[in-house]
>>> print(open('data-v3.pdb').read())   # PDB, C-alpha atoms, pLDDT in the B column
ATOM      1  CA  MET T   1     -24.794 -17.230  14.264  1.00 53.00           C
ATOM      2  CA  LEU T   2     -23.057 -18.505  11.162  1.00 62.00           C
ATOM      3  CA  ASN T   3     -20.016 -20.655  11.784  1.00 72.00           C
ATOM      4  CA  ARG T   4     -16.565 -20.030  10.380  1.00 81.00           C
ATOM      5  CA  ILE T   5     -15.759 -22.015   7.265  1.00 86.00           C
ATOM      6  CA  THR T   6     -14.225 -25.422   7.819  1.00 92.00           C
ATOM      7  CA  PHE T   7     -10.622 -26.284   6.980  1.00 94.00           C
ATOM      8  CA  ARG T   8     -11.791 -28.169   3.890  1.00 95.00           C
ATOM      9  CA  GLU T   9     -13.890 -25.186   2.754  1.00 94.00           C
ATOM     10  CA  HIS T  10     -10.914 -22.918   3.357  1.00 94.00           C
ATOM     11  CA  ILE T  11      -8.754 -25.058   1.048  1.00 95.00           C
ATOM     12  CA  GLU T  12     -11.525 -25.152  -1.576  1.00 95.00           C
ATOM     13  CA  LEU T  13     -11.838 -21.378  -1.372  1.00 93.00           C
ATOM     14  CA  ARG T  14      -8.080 -20.951  -1.820  1.00 93.00           C
ATOM     15  CA  ILE T  15      -8.118 -23.184  -4.896  1.00 95.00           C
ATOM     16  CA  HIS T  16     -11.097 -21.289  -6.313  1.00 92.00           C
ATOM     17  CA  LEU T  17      -9.401 -17.934  -5.763  1.00 92.00           C
ATOM     18  CA  LEU T  18      -6.266 -19.122  -7.562  1.00 94.00           C
ATOM     19  CA  GLY T  19      -8.286 -19.491 -10.747  1.00 92.00           C
ATOM     20  CA  CYS T  20     -10.732 -16.610 -10.256  1.00 91.00           C
ATOM     21  CA  SER T  21      -9.166 -13.213 -10.895  1.00 92.00           C
ATOM     22  CA  VAL T  22     -12.546 -11.492 -10.611  1.00 92.00           C
ATOM     23  CA  CYS T  23     -12.984 -12.944  -7.127  1.00 92.00           C
ATOM     24  CA  ARG T  24      -9.537 -11.688  -6.128  1.00 92.00           C
ATOM     25  CA  VAL T  25     -10.390  -8.187  -7.358  1.00 92.00           C
ATOM     26  CA  TYR T  26     -13.657  -8.345  -5.401  1.00 93.00           C
ATOM     27  CA  GLY T  27     -11.880  -9.502  -2.246  1.00 92.00           C
ATOM     28  CA  LYS T  28      -9.374  -6.678  -2.449  1.00 91.00           C
ATOM     29  CA  GLN T  29     -12.030  -4.041  -3.152  1.00 91.00           C
ATOM     30  CA  SER T  30     -14.181  -5.417  -0.342  1.00 91.00           C
ATOM     31  CA  ARG T  31     -11.376  -4.940   2.192  1.00 90.00           C
ATOM     32  CA  ILE T  32     -10.657  -1.447   0.869  1.00 89.00           C
ATOM     33  CA  ILE T  33     -14.324  -0.463   1.117  1.00 89.00           C
ATOM     34  CA  ASN T  34     -14.386  -1.683   4.736  1.00 88.00           C
ATOM     35  CA  ASP T  35     -11.366   0.476   5.562  1.00 86.00           C
ATOM     36  CA  MET T  36     -12.773   3.512   3.814  1.00 86.00           C
ATOM     37  CA  VAL T  37     -16.196   3.263   5.443  1.00 86.00           C
ATOM     38  CA  ARG T  38     -14.575   2.897   8.884  1.00 84.00           C
ATOM     39  CA  GLN T  39     -12.348   5.865   8.208  1.00 82.00           C
ATOM     40  CA  LEU T  40     -15.306   7.906   6.983  1.00 80.00           C
ATOM     41  CA  PHE T  41     -17.237   7.365  10.193  1.00 76.00           C
ATOM     42  CA  LYS T  42     -14.342   7.679  12.564  1.00 73.00           C
ATOM     43  CA  SER T  43     -12.575  10.735  11.229  1.00 65.00           C
ATOM     44  CA  SER T  44     -13.584  13.904  13.006  1.00 51.00           C
ATOM     45  CA  MET T  45     -13.443  16.020   9.843  1.00 52.00           C
ATOM     46  CA  PRO T  46     -13.597  19.280  11.794  1.00 46.00           C
ATOM     47  CA  GLY T  47     -15.363  22.167  10.165  1.00 49.00           C
ATOM     48  CA  GLU T  48     -17.089  20.180   7.454  1.00 69.00           C
ATOM     49  CA  ALA T  49     -20.565  20.326   8.916  1.00 80.00           C
ATOM     50  CA  ARG T  50     -21.454  23.144  11.281  1.00 88.00           C
ATOM     51  CA  LEU T  51     -24.661  24.465  12.715  1.00 93.00           C
ATOM     52  CA  ASP T  52     -25.629  28.029  11.927  1.00 92.00           C
ATOM     53  CA  GLU T  53     -25.156  30.514  14.739  1.00 94.00           C
ATOM     54  CA  SER T  54     -28.825  31.494  15.020  1.00 95.00           C
ATOM     55  CA  PHE T  55     -29.818  27.859  15.543  1.00 95.00           C
ATOM     56  CA  LYS T  56     -27.121  27.464  18.194  1.00 95.00           C
ATOM     57  CA  LYS T  57     -28.226  30.659  19.970  1.00 95.00           C
ATOM     58  CA  GLU T  58     -31.837  29.475  20.077  1.00 95.00           C
ATOM     59  CA  LEU T  59     -30.730  26.050  21.234  1.00 95.00           C
ATOM     60  CA  GLN T  60     -28.726  27.427  24.172  1.00 95.00           C
ATOM     61  CA  GLU T  61     -31.669  29.690  25.064  1.00 95.00           C
ATOM     62  CA  ARG T  62     -33.938  26.651  25.072  1.00 94.00           C
ATOM     63  CA  ILE T  63     -31.521  24.867  27.398  1.00 95.00           C
ATOM     64  CA  GLU T  64     -31.423  27.879  29.738  1.00 94.00           C
ATOM     65  CA  ILE T  65     -35.240  27.937  29.860  1.00 94.00           C
ATOM     66  CA  GLU T  66     -35.278  24.249  30.792  1.00 91.00           C
ATOM     67  CA  LEU T  67     -32.591  24.832  33.429  1.00 90.00           C
ATOM     68  CA  ASN T  68     -34.558  27.699  34.947  1.00 90.00           C
ATOM     69  CA  LYS T  69     -37.629  25.503  35.274  1.00 84.00           C
ATOM     70  CA  ASN T  70     -35.788  23.351  37.803  1.00 66.00           C
TER
ATOM     71  CA  MET L   1     -15.107  23.857  30.146  1.00 46.00           C
ATOM     72  CA  SER L   2     -13.167  21.599  27.806  1.00 50.00           C
ATOM     73  CA  ALA L   3     -14.703  18.949  25.547  1.00 54.00           C
ATOM     74  CA  GLU L   4     -13.021  16.279  27.688  1.00 59.00           C
ATOM     75  CA  SER L   5     -14.372  17.500  31.026  1.00 60.00           C
ATOM     76  CA  ASN L   6     -15.856  14.932  33.381  1.00 78.00           C
ATOM     77  CA  GLN L   7     -18.253  17.483  34.821  1.00 84.00           C
ATOM     78  CA  LEU L   8     -21.453  18.694  33.247  1.00 88.00           C
ATOM     79  CA  ASP L   9     -21.993  22.334  32.438  1.00 91.00           C
ATOM     80  CA  PRO L  10     -25.198  22.702  30.400  1.00 93.00           C
ATOM     81  CA  HIS L  11     -24.589  26.465  30.099  1.00 94.00           C
ATOM     82  CA  THR L  12     -21.727  25.727  27.690  1.00 94.00           C
ATOM     83  CA  TRP L  13     -23.090  22.637  25.945  1.00 95.00           C
ATOM     84  CA  VAL L  14     -23.993  24.311  22.681  1.00 96.00           C
ATOM     85  CA  LYS L  15     -20.712  26.195  22.422  1.00 95.00           C
ATOM     86  CA  SER L  16     -18.627  23.162  23.350  1.00 94.00           C
ATOM     87  CA  HIS L  17     -20.422  20.289  21.648  1.00 95.00           C
ATOM     88  CA  ALA L  18     -23.209  21.291  19.243  1.00 96.00           C
ATOM     89  CA  ASP L  19     -21.056  21.424  16.106  1.00 94.00           C
ATOM     90  CA  TYR L  20     -19.334  18.146  17.007  1.00 93.00           C
ATOM     91  CA  LEU L  21     -22.670  16.374  17.614  1.00 95.00           C
ATOM     92  CA  TYR L  22     -24.118  17.812  14.428  1.00 94.00           C
ATOM     93  CA  ALA L  23     -21.126  16.652  12.351  1.00 90.00           C
ATOM     94  CA  TYR L  24     -21.373  13.235  14.023  1.00 89.00           C
ATOM     95  CA  THR L  25     -25.051  13.008  13.087  1.00 91.00           C
ATOM     96  CA  ILE L  26     -24.827  14.297   9.544  1.00 87.00           C
ATOM     97  CA  LYS L  27     -22.292  11.592   8.696  1.00 82.00           C
ATOM     98  CA  ARG L  28     -24.776   8.950   9.799  1.00 84.00           C
ATOM     99  CA  ILE L  29     -28.028  10.581   8.719  1.00 84.00           C
ATOM    100  CA  ALA L  30     -27.643  12.774   5.672  1.00 75.00           C
ATOM    101  CA  ASP L  31     -30.608  14.980   6.494  1.00 86.00           C
ATOM    102  CA  GLU L  32     -29.744  18.418   7.856  1.00 91.00           C
ATOM    103  CA  GLU L  33     -33.116  19.144   9.454  1.00 94.00           C
ATOM    104  CA  GLN L  34     -33.320  15.747  11.088  1.00 95.00           C
ATOM    105  CA  ALA L  35     -29.740  16.094  12.282  1.00 95.00           C
ATOM    106  CA  LYS L  36     -30.552  19.466  13.882  1.00 96.00           C
ATOM    107  CA  ASP L  37     -33.602  17.951  15.575  1.00 97.00           C
ATOM    108  CA  LEU L  38     -31.511  15.100  16.925  1.00 97.00           C
ATOM    109  CA  VAL L  39     -28.898  17.435  18.363  1.00 97.00           C
ATOM    110  CA  GLN L  40     -31.629  19.446  20.075  1.00 97.00           C
ATOM    111  CA  GLU L  41     -33.354  16.303  21.364  1.00 97.00           C
ATOM    112  CA  THR L  42     -30.019  15.051  22.679  1.00 97.00           C
ATOM    113  CA  PHE L  43     -29.419  18.156  24.788  1.00 97.00           C
ATOM    114  CA  LEU L  44     -32.990  18.146  26.109  1.00 96.00           C
ATOM    115  CA  ALA L  45     -32.828  14.440  26.947  1.00 96.00           C
ATOM    116  CA  ALA L  46     -29.442  14.996  28.592  1.00 96.00           C
ATOM    117  CA  LEU L  47     -30.904  17.710  30.827  1.00 95.00           C
ATOM    118  CA  GLU L  48     -33.372  15.176  32.175  1.00 94.00           C
ATOM    119  CA  LYS L  49     -30.543  12.741  32.913  1.00 93.00           C
ATOM    120  CA  VAL L  50     -28.105  15.147  34.496  1.00 91.00           C
ATOM    121  CA  ASP L  51     -28.629  13.596  37.936  1.00 90.00           C
ATOM    122  CA  ARG L  52     -27.599  10.210  36.605  1.00 90.00           C
ATOM    123  CA  PHE L  53     -24.258  11.378  35.176  1.00 90.00           C
ATOM    124  CA  GLU L  54     -21.565   9.663  37.210  1.00 87.00           C
ATOM    125  CA  GLY L  55     -18.548  11.422  35.759  1.00 85.00           C
ATOM    126  CA  LYS L  56     -17.047   8.182  34.465  1.00 87.00           C
ATOM    127  CA  SER L  57     -16.839   9.540  30.937  1.00 91.00           C
ATOM    128  CA  SER L  58     -16.288  12.974  29.507  1.00 93.00           C
ATOM    129  CA  GLU L  59     -19.231  15.298  28.971  1.00 94.00           C
ATOM    130  CA  ARG L  60     -18.843  14.875  25.205  1.00 94.00           C
ATOM    131  CA  THR L  61     -18.697  11.078  25.369  1.00 93.00           C
ATOM    132  CA  TRP L  62     -21.821  11.046  27.545  1.00 95.00           C
ATOM    133  CA  LEU L  63     -23.733  13.352  25.185  1.00 96.00           C
ATOM    134  CA  THR L  64     -22.586  11.319  22.173  1.00 93.00           C
ATOM    135  CA  ALA L  65     -23.890   8.116  23.779  1.00 92.00           C
ATOM    136  CA  ILE L  66     -27.329   9.714  24.177  1.00 95.00           C
ATOM    137  CA  LEU L  67     -27.210  10.901  20.567  1.00 95.00           C
ATOM    138  CA  LYS L  68     -26.140   7.464  19.347  1.00 91.00           C
ATOM    139  CA  ASN L  69     -29.258   5.888  20.860  1.00 92.00           C
ATOM    140  CA  LYS L  70     -31.385   8.499  19.150  1.00 95.00           C
ATOM    141  CA  ILE L  71     -29.733   7.750  15.812  1.00 93.00           C
ATOM    142  CA  ILE L  72     -30.454   4.043  16.305  1.00 90.00           C
ATOM    143  CA  ASP L  73     -34.106   4.955  16.957  1.00 92.00           C
ATOM    144  CA  VAL L  74     -34.166   6.747  13.608  1.00 92.00           C
ATOM    145  CA  TYR L  75     -32.599   3.733  11.870  1.00 88.00           C
ATOM    146  CA  ARG L  76     -35.147   1.440  13.475  1.00 87.00           C
ATOM    147  CA  LYS L  77     -38.075   3.591  12.363  1.00 87.00           C
ATOM    148  CA  LYS L  78     -36.705   4.037   8.831  1.00 83.00           C
ATOM    149  CA  SER L  79     -35.993   0.357   8.332  1.00 81.00           C
ATOM    150  CA  SER L  80     -39.241  -1.035   9.706  1.00 80.00           C
ATOM    151  CA  GLY L  81     -42.307  -1.626   7.582  1.00 72.00           C
ATOM    152  CA  LEU L  82     -42.648  -3.264   4.200  1.00 65.00           C
ATOM    153  CA  ARG L  83     -39.008  -2.879   3.166  1.00 74.00           C
ATOM    154  CA  LYS L  84     -39.878  -2.479  -0.506  1.00 80.00           C
ATOM    155  CA  ASP L  85     -36.534  -0.761  -1.050  1.00 84.00           C
ATOM    156  CA  VAL L  86     -34.808  -3.974   0.085  1.00 86.00           C
ATOM    157  CA  GLN L  87     -36.795  -6.046  -2.392  1.00 86.00           C
ATOM    158  CA  ALA L  88     -35.888  -3.656  -5.216  1.00 86.00           C
ATOM    159  CA  ALA L  89     -32.180  -3.762  -4.325  1.00 87.00           C
ATOM    160  CA  GLU L  90     -32.215  -7.558  -4.048  1.00 88.00           C
ATOM    161  CA  HIS L  91     -33.901  -7.757  -7.441  1.00 87.00           C
ATOM    162  CA  GLU L  92     -31.155  -5.577  -8.925  1.00 84.00           C
ATOM    163  CA  GLN L  93     -28.514  -8.004  -7.672  1.00 87.00           C
ATOM    164  CA  GLU L  94     -30.197 -11.072  -9.155  1.00 85.00           C
ATOM    165  CA  ASP L  95     -28.362 -10.432 -12.411  1.00 85.00           C
ATOM    166  CA  PHE L  96     -24.945 -10.239 -10.749  1.00 89.00           C
ATOM    167  CA  PHE L  97     -24.434 -14.005 -10.657  1.00 89.00           C
ATOM    168  CA  ASP L  98     -25.140 -16.908 -12.978  1.00 88.00           C
ATOM    169  CA  HIS L  99     -28.049 -18.836 -11.501  1.00 86.00           C
ATOM    170  CA  ASP L 100     -26.578 -22.204 -12.552  1.00 88.00           C
ATOM    171  CA  ASP L 101     -22.966 -22.063 -11.404  1.00 85.00           C
ATOM    172  CA  GLY L 102     -23.039 -19.034  -9.062  1.00 84.00           C
ATOM    173  CA  HIS L 103     -20.173 -17.301 -10.884  1.00 85.00           C
ATOM    174  CA  TRP L 104     -20.079 -13.602 -11.634  1.00 88.00           C
ATOM    175  CA  ARG L 105     -21.737 -12.701 -14.917  1.00 90.00           C
ATOM    176  CA  SER L 106     -19.265 -10.851 -17.103  1.00 88.00           C
ATOM    177  CA  ALA L 107     -21.442  -7.713 -17.357  1.00 87.00           C
ATOM    178  CA  HIS L 108     -21.384  -7.318 -13.566  1.00 88.00           C
ATOM    179  CA  ALA L 109     -18.013  -8.813 -12.751  1.00 89.00           C
ATOM    180  CA  PRO L 110     -15.839  -6.590 -10.547  1.00 90.00           C
ATOM    181  CA  GLN L 111     -13.162  -4.707 -12.416  1.00 89.00           C
ATOM    182  CA  ALA L 112     -10.283  -2.720 -11.076  1.00 87.00           C
ATOM    183  CA  PHE L 113     -11.397   0.906 -11.078  1.00 84.00           C
ATOM    184  CA  GLY L 114      -8.564   2.707  -9.384  1.00 81.00           C
ATOM    185  CA  ILE L 115      -9.074   2.121  -5.670  1.00 79.00           C
ATOM    186  CA  GLU L 116      -6.969  -1.007  -5.500  1.00 76.00           C
ATOM    187  CA  ASP L 117      -3.492   0.391  -5.518  1.00 69.00           C
ATOM    188  CA  VAL L 118      -3.880   4.031  -4.522  1.00 68.00           C
ATOM    189  CA  ASP L 119      -4.634   5.120  -0.979  1.00 70.00           C
ATOM    190  CA  HIS L 120      -7.910   7.037  -1.118  1.00 66.00           C
ATOM    191  CA  LEU L 121      -8.352   7.298   2.638  1.00 63.00           C
ATOM    192  CA  GLY L 122      -9.029  10.946   3.303  1.00 63.00           C
ATOM    193  CA  ASN L 123      -9.684  11.753  -0.371  1.00 74.00           C
ATOM    194  CA  LYS L 124     -12.599  14.201  -0.144  1.00 77.00           C
ATOM    195  CA  GLU L 125     -13.982  13.492  -3.599  1.00 82.00           C
ATOM    196  CA  PHE L 126     -13.918   9.774  -3.030  1.00 82.00           C
ATOM    197  CA  ASN L 127     -15.518  10.179   0.398  1.00 81.00           C
ATOM    198  CA  SER L 128     -18.372  12.199  -1.055  1.00 83.00           C
ATOM    199  CA  ILE L 129     -19.042   9.468  -3.653  1.00 89.00           C
ATOM    200  CA  LEU L 130     -18.890   6.853  -0.922  1.00 88.00           C
ATOM    201  CA  GLN L 131     -21.382   8.838   1.166  1.00 84.00           C
ATOM    202  CA  MET L 132     -23.678   9.225  -1.833  1.00 88.00           C
ATOM    203  CA  CYS L 133     -23.547   5.459  -2.401  1.00 92.00           C
ATOM    204  CA  LEU L 134     -24.285   4.824   1.288  1.00 89.00           C
ATOM    205  CA  GLN L 135     -27.302   7.127   1.149  1.00 86.00           C
ATOM    206  CA  LYS L 136     -28.697   5.207  -1.822  1.00 90.00           C
ATOM    207  CA  LEU L 137     -28.786   1.947   0.121  1.00 91.00           C
ATOM    208  CA  PRO L 138     -32.108   0.551   1.313  1.00 91.00           C
ATOM    209  CA  ALA L 139     -32.799   1.934   4.797  1.00 88.00           C
ATOM    210  CA  LEU L 140     -32.327  -1.413   6.538  1.00 90.00           C
ATOM    211  CA  TRP L 141     -29.016  -2.127   4.783  1.00 92.00           C
ATOM    212  CA  MET L 142     -27.785   1.380   5.524  1.00 89.00           C
ATOM    213  CA  ALA L 143     -28.735   0.952   9.185  1.00 88.00           C
ATOM    214  CA  VAL L 144     -27.040  -2.435   9.572  1.00 90.00           C
ATOM    215  CA  PHE L 145     -23.916  -1.427   7.682  1.00 89.00           C
ATOM    216  CA  THR L 146     -23.573   1.911   9.438  1.00 86.00           C
ATOM    217  CA  MET L 147     -24.034   0.420  12.897  1.00 87.00           C
ATOM    218  CA  LYS L 148     -21.454  -2.255  12.133  1.00 88.00           C
ATOM    219  CA  HIS L 149     -18.835   0.182  10.927  1.00 83.00           C
ATOM    220  CA  MET L 150     -19.666   3.303  12.879  1.00 74.00           C
ATOM    221  CA  ASP L 151     -18.690   1.963  16.268  1.00 69.00           C
ATOM    222  CA  ASP L 152     -18.049  -1.673  15.574  1.00 69.00           C
ATOM    223  CA  ALA L 153     -21.383  -2.266  17.291  1.00 76.00           C
ATOM    224  CA  ASP L 154     -21.906  -5.772  18.550  1.00 85.00           C
ATOM    225  CA  THR L 155     -23.706  -8.029  16.048  1.00 88.00           C
ATOM    226  CA  THR L 156     -26.175  -9.158  18.723  1.00 89.00           C
ATOM    227  CA  LEU L 157     -27.075  -5.545  19.498  1.00 87.00           C
ATOM    228  CA  ILE L 158     -27.567  -4.683  15.824  1.00 90.00           C
ATOM    229  CA  CYS L 159     -29.751  -7.750  15.286  1.00 92.00           C
ATOM    230  CA  SER L 160     -31.929  -7.045  18.299  1.00 90.00           C
ATOM    231  CA  GLU L 161     -32.258  -3.316  17.615  1.00 87.00           C
ATOM    232  CA  LEU L 162     -33.110  -3.746  13.946  1.00 88.00           C
ATOM    233  CA  LYS L 163     -34.964  -7.037  14.308  1.00 87.00           C
ATOM    234  CA  VAL L 164     -32.908  -9.119  11.889  1.00 90.00           C
ATOM    235  CA  THR L 165     -31.679 -12.670  12.431  1.00 90.00           C
ATOM    236  CA  PRO L 166     -27.908 -13.281  12.717  1.00 87.00           C
ATOM    237  CA  SER L 167     -27.829 -15.129   9.382  1.00 87.00           C
ATOM    238  CA  ASN L 168     -29.817 -12.363   7.709  1.00 89.00           C
ATOM    239  CA  PHE L 169     -27.356  -9.886   9.206  1.00 92.00           C
ATOM    240  CA  TRP L 170     -24.465 -11.427   7.256  1.00 89.00           C
ATOM    241  CA  VAL L 171     -26.552 -11.622   4.087  1.00 91.00           C
ATOM    242  CA  ILE L 172     -27.263  -7.905   4.464  1.00 93.00           C
ATOM    243  CA  ILE L 173     -23.568  -7.116   5.004  1.00 92.00           C
ATOM    244  CA  HIS L 174     -22.709  -9.122   1.874  1.00 91.00           C
ATOM    245  CA  ARG L 175     -25.445  -7.554  -0.255  1.00 93.00           C
ATOM    246  CA  THR L 176     -24.565  -4.078   0.967  1.00 94.00           C
ATOM    247  CA  LYS L 177     -20.958  -4.608  -0.011  1.00 93.00           C
ATOM    248  CA  LEU L 178     -22.002  -5.802  -3.485  1.00 93.00           C
ATOM    249  CA  ASN L 179     -24.195  -2.735  -3.859  1.00 94.00           C
ATOM    250  CA  LEU L 180     -21.548  -0.286  -2.620  1.00 93.00           C
ATOM    251  CA  ARG L 181     -18.834  -1.788  -4.781  1.00 93.00           C
ATOM    252  CA  ALA L 182     -21.010  -1.554  -7.904  1.00 92.00           C
ATOM    253  CA  CYS L 183     -22.010   2.018  -7.042  1.00 93.00           C
ATOM    254  CA  LEU L 184     -18.372   3.050  -6.512  1.00 92.00           C
ATOM    255  CA  GLN L 185     -17.315   1.429  -9.771  1.00 90.00           C
ATOM    256  CA  ARG L 186     -20.095   3.284 -11.651  1.00 90.00           C
ATOM    257  CA  ASN L 187     -19.273   6.652 -10.135  1.00 90.00           C
ATOM    258  CA  TRP L 188     -15.517   6.677  -9.655  1.00 82.00           C
ATOM    259  CA  GLU L 189     -14.182   5.348 -12.918  1.00 68.00           C
TER
END
>>> encode(input="data-v3.pdb", output="structure tokens")
Amino acid sequence: MLNRITFREHIELRIHLLGCSVCRVYGKQSRIINDMVRQLFKSSMPGEARLDESFKKELQERIEIELNKN
Amino acid sequence: MSAESNQLDPHTWVKSHADYLYAYTIKRIADEEQAKDLVQETFLAALEKVDRFEGKSSERTWLTAILKNKIIDVYRKKSSGLRKDVQAAEHEQEDFFDHDDGHWRSAHAPQAFGIEDVDHLGNKEFNSILQMCLQKLPALWMAVFTMKHMDDADTTLICSELKVTPSNFWVIIHRTKLNLRACLQRNWE
């Protein structure tokens, strides 16, 4: 496992970020992307993707056949 | 039988859970036929495990756990092998940084493109672009990144399931983020 950055590295990073606007933009976008990906996976988004009824009917029939075997 | 029931009733599984499981799958594997197969396999596998259900979780949670393992199997199969897609993506990123000082090259440097100050959470158009960018990732990167964010899966589990070292795991997370950010910038501006 990688270790956390040291205190010295943390200070060096802070100094670098002060003079690197591109890095600050990247850092901000990186955090936003994390949030958006998490939200994308965790939201239930009901009704967006649904199975067609014929597939569901066949699927339940298949389950009933398996249940009747036992 | 409600979705939160702690008893199993296979006679109502499809009605109660099929759409939910399908939507869950399609977000993680953007392949409708494969998603349908996985939902079917989940119910059939669940039937074989009915005796082992202890009622500690809801029926839906239990079925989702079975499905989740099946999705991981798919990730593992997709991401094994030669991983040529990884090499191609890594090659693409070689130009991002100056080889001498490690700084961003101006042509690839991140620019503000409108996500920084506006809340796009829940924006359907943005989500569809994000999903498109996720689907373009190399299979291994997609698998690692999805597992990390989908359920905050433990790093050790992800590494063992997908056979990557812990240090390679963080490299993949970093490279995936670079790739996603560039893809979003190209497609959202």
>>> interface_residues(input="data-v3.pdb", of="chain L", to="chain T", cutoff="9 Å", atoms="only C-alpha atoms", output="mmCIF file with C-alpha atoms, in the coordinates of the input")
data_model
loop_
_atom_site.group_PDB
_atom_site.id
_atom_site.type_symbol
_atom_site.label_atom_id
_atom_site.label_comp_id
_atom_site.auth_asym_id
_atom_site.auth_seq_id
_atom_site.Cartn_x
_atom_site.Cartn_y
_atom_site.Cartn_z
ATOM 1 C CA PRO L 10 -25.198 22.702 30.400
ATOM 2 C CA HIS L 11 -24.589 26.465 30.099
ATOM 3 C CA THR L 12 -21.727 25.727 27.690
ATOM 4 C CA TRP L 13 -23.090 22.637 25.945
ATOM 5 C CA VAL L 14 -23.993 24.311 22.681
ATOM 6 C CA LYS L 15 -20.712 26.195 22.422
ATOM 7 C CA ALA L 18 -23.209 21.291 19.243
ATOM 8 C CA ASP L 19 -21.056 21.424 16.106
ATOM 9 C CA TYR L 20 -19.334 18.146 17.007
ATOM 10 C CA TYR L 22 -24.118 17.812 14.428
ATOM 11 C CA ALA L 23 -21.126 16.652 12.351
ATOM 12 C CA TYR L 24 -21.373 13.235 14.023
ATOM 13 C CA ILE L 26 -24.827 14.297 9.544
ATOM 14 C CA LYS L 27 -22.292 11.592 8.696
ATOM 15 C CA ARG L 28 -24.776 8.950 9.799
ATOM 16 C CA LYS L 36 -30.552 19.466 13.882
ATOM 17 C CA GLN L 40 -31.629 19.446 20.075
ATOM 18 C CA PHE L 43 -29.419 18.156 24.788
ATOM 19 C CA LEU L 44 -32.990 18.146 26.109
ATOM 20 C CA LEU L 47 -30.904 17.710 30.827
ATOM 21 C CA TRP L 104 -20.079 -13.602 -11.634
ATOM 22 C CA ALA L 109 -18.013 -8.813 -12.751
ATOM 23 C CA PRO L 110 -15.839 -6.590 -10.547
ATOM 24 C CA GLN L 111 -13.162 -4.707 -12.416
ATOM 25 C CA ALA L 112 -10.283 -2.720 -11.076
ATOM 26 C CA ILE L 115 -9.074 2.121 -5.670
ATOM 27 C CA GLU L 116 -6.969 -1.007 -5.500
ATOM 28 C CA HIS L 120 -7.910 7.037 -1.118
ATOM 29 C CA LEU L 121 -8.352 7.298 2.638
ATOM 30 C CA GLY L 122 -9.029 10.946 3.303
ATOM 31 C CA ASN L 127 -15.518 10.179 0.398
ATOM 32 C CA LEU L 130 -18.890 6.853 -0.922
ATOM 33 C CA GLN L 131 -21.382 8.838 1.166
ATOM 34 C CA THR L 146 -23.573 1.911 9.438
ATOM 35 C CA HIS L 149 -18.835 0.182 10.927
ATOM 36 C CA MET L 150 -19.666 3.303 12.879
ATOM 37 C CA ASP L 151 -18.690 1.963 16.268
ATOM 38 C CA ASP L 152 -18.049 -1.673 15.574
ATOM 39 C CA THR L 165 -31.679 -12.670 12.431
ATOM 40 C CA PRO L 166 -27.908 -13.281 12.717
ATOM 41 C CA SER L 167 -27.829 -15.129 9.382
ATOM 42 C CA TRP L 170 -24.465 -11.427 7.256
ATOM 43 C CA LYS L 177 -20.958 -4.608 -0.011
ATOM 44 C CA LEU L 178 -22.002 -5.802 -3.485
ATOM 45 C CA LEU L 180 -21.548 -0.286 -2.620
ATOM 46 C CA ARG L 181 -18.834 -1.788 -4.781
#
>>> closest_atom_pairs(input="data-v3.pdb", of="stretch 13-132 of chain L", to="stretch 156-161 of chain L", cutoff="12 Å", atoms="only C-alpha atoms", output="JSON lines")
{"residue": "L:Asn69", "atom": "CA", "partner": "L:Glu161", "partner_atom": "CA", "distance": 10.2}
{"residue": "L:Lys70", "atom": "CA", "partner": "L:Glu161", "partner_atom": "CA", "distance": 11.9}
{"residue": "L:Ile71", "atom": "CA", "partner": "L:Glu161", "partner_atom": "CA", "distance": 11.5}
{"residue": "L:Ile72", "atom": "CA", "partner": "L:Glu161", "partner_atom": "CA", "distance": 7.7}
{"residue": "L:Asp73", "atom": "CA", "partner": "L:Glu161", "partner_atom": "CA", "distance": 8.5}
{"residue": "L:Val74", "atom": "CA", "partner": "L:Glu161", "partner_atom": "CA", "distance": 11.0}
{"residue": "L:Tyr75", "atom": "CA", "partner": "L:Glu161", "partner_atom": "CA", "distance": 9.1}
{"residue": "L:Arg76", "atom": "CA", "partner": "L:Glu161", "partner_atom": "CA", "distance": 6.9}
{"residue": "L:Lys77", "atom": "CA", "partner": "L:Glu161", "partner_atom": "CA", "distance": 10.4}
{"residue": "L:Ser79", "atom": "CA", "partner": "L:Glu161", "partner_atom": "CA", "distance": 10.7}
{"residue": "L:Ser80", "atom": "CA", "partner": "L:Glu161", "partner_atom": "CA", "distance": 10.8}
>>> atom_distance(input="data-v3.pdb", atom1="atom CA of L:Ser58", atom2="atom CA of L:Leu21")
13.9 Å
>>> axis_aligned_box(input="data-v3.pdb", around="stretch 26-39 of chain L", padding_each_side="8 Å", output="JSON")
{"center_x": -27.9, "center_y": 14.2, "center_z": 12.0, "size_x": 27.3, "size_y": 26.5, "size_z": 28.7}
>>> atom_distance(input="data-v3.pdb", atom1="atom CA of L:Lys163", atom2="atom CA of L:Pro138")
15.3 Å
>>> atom_distance(input="data-v3.pdb", atom1="atom CA of L:Lys49", atom2="atom CA of L:His17")
16.9 Å
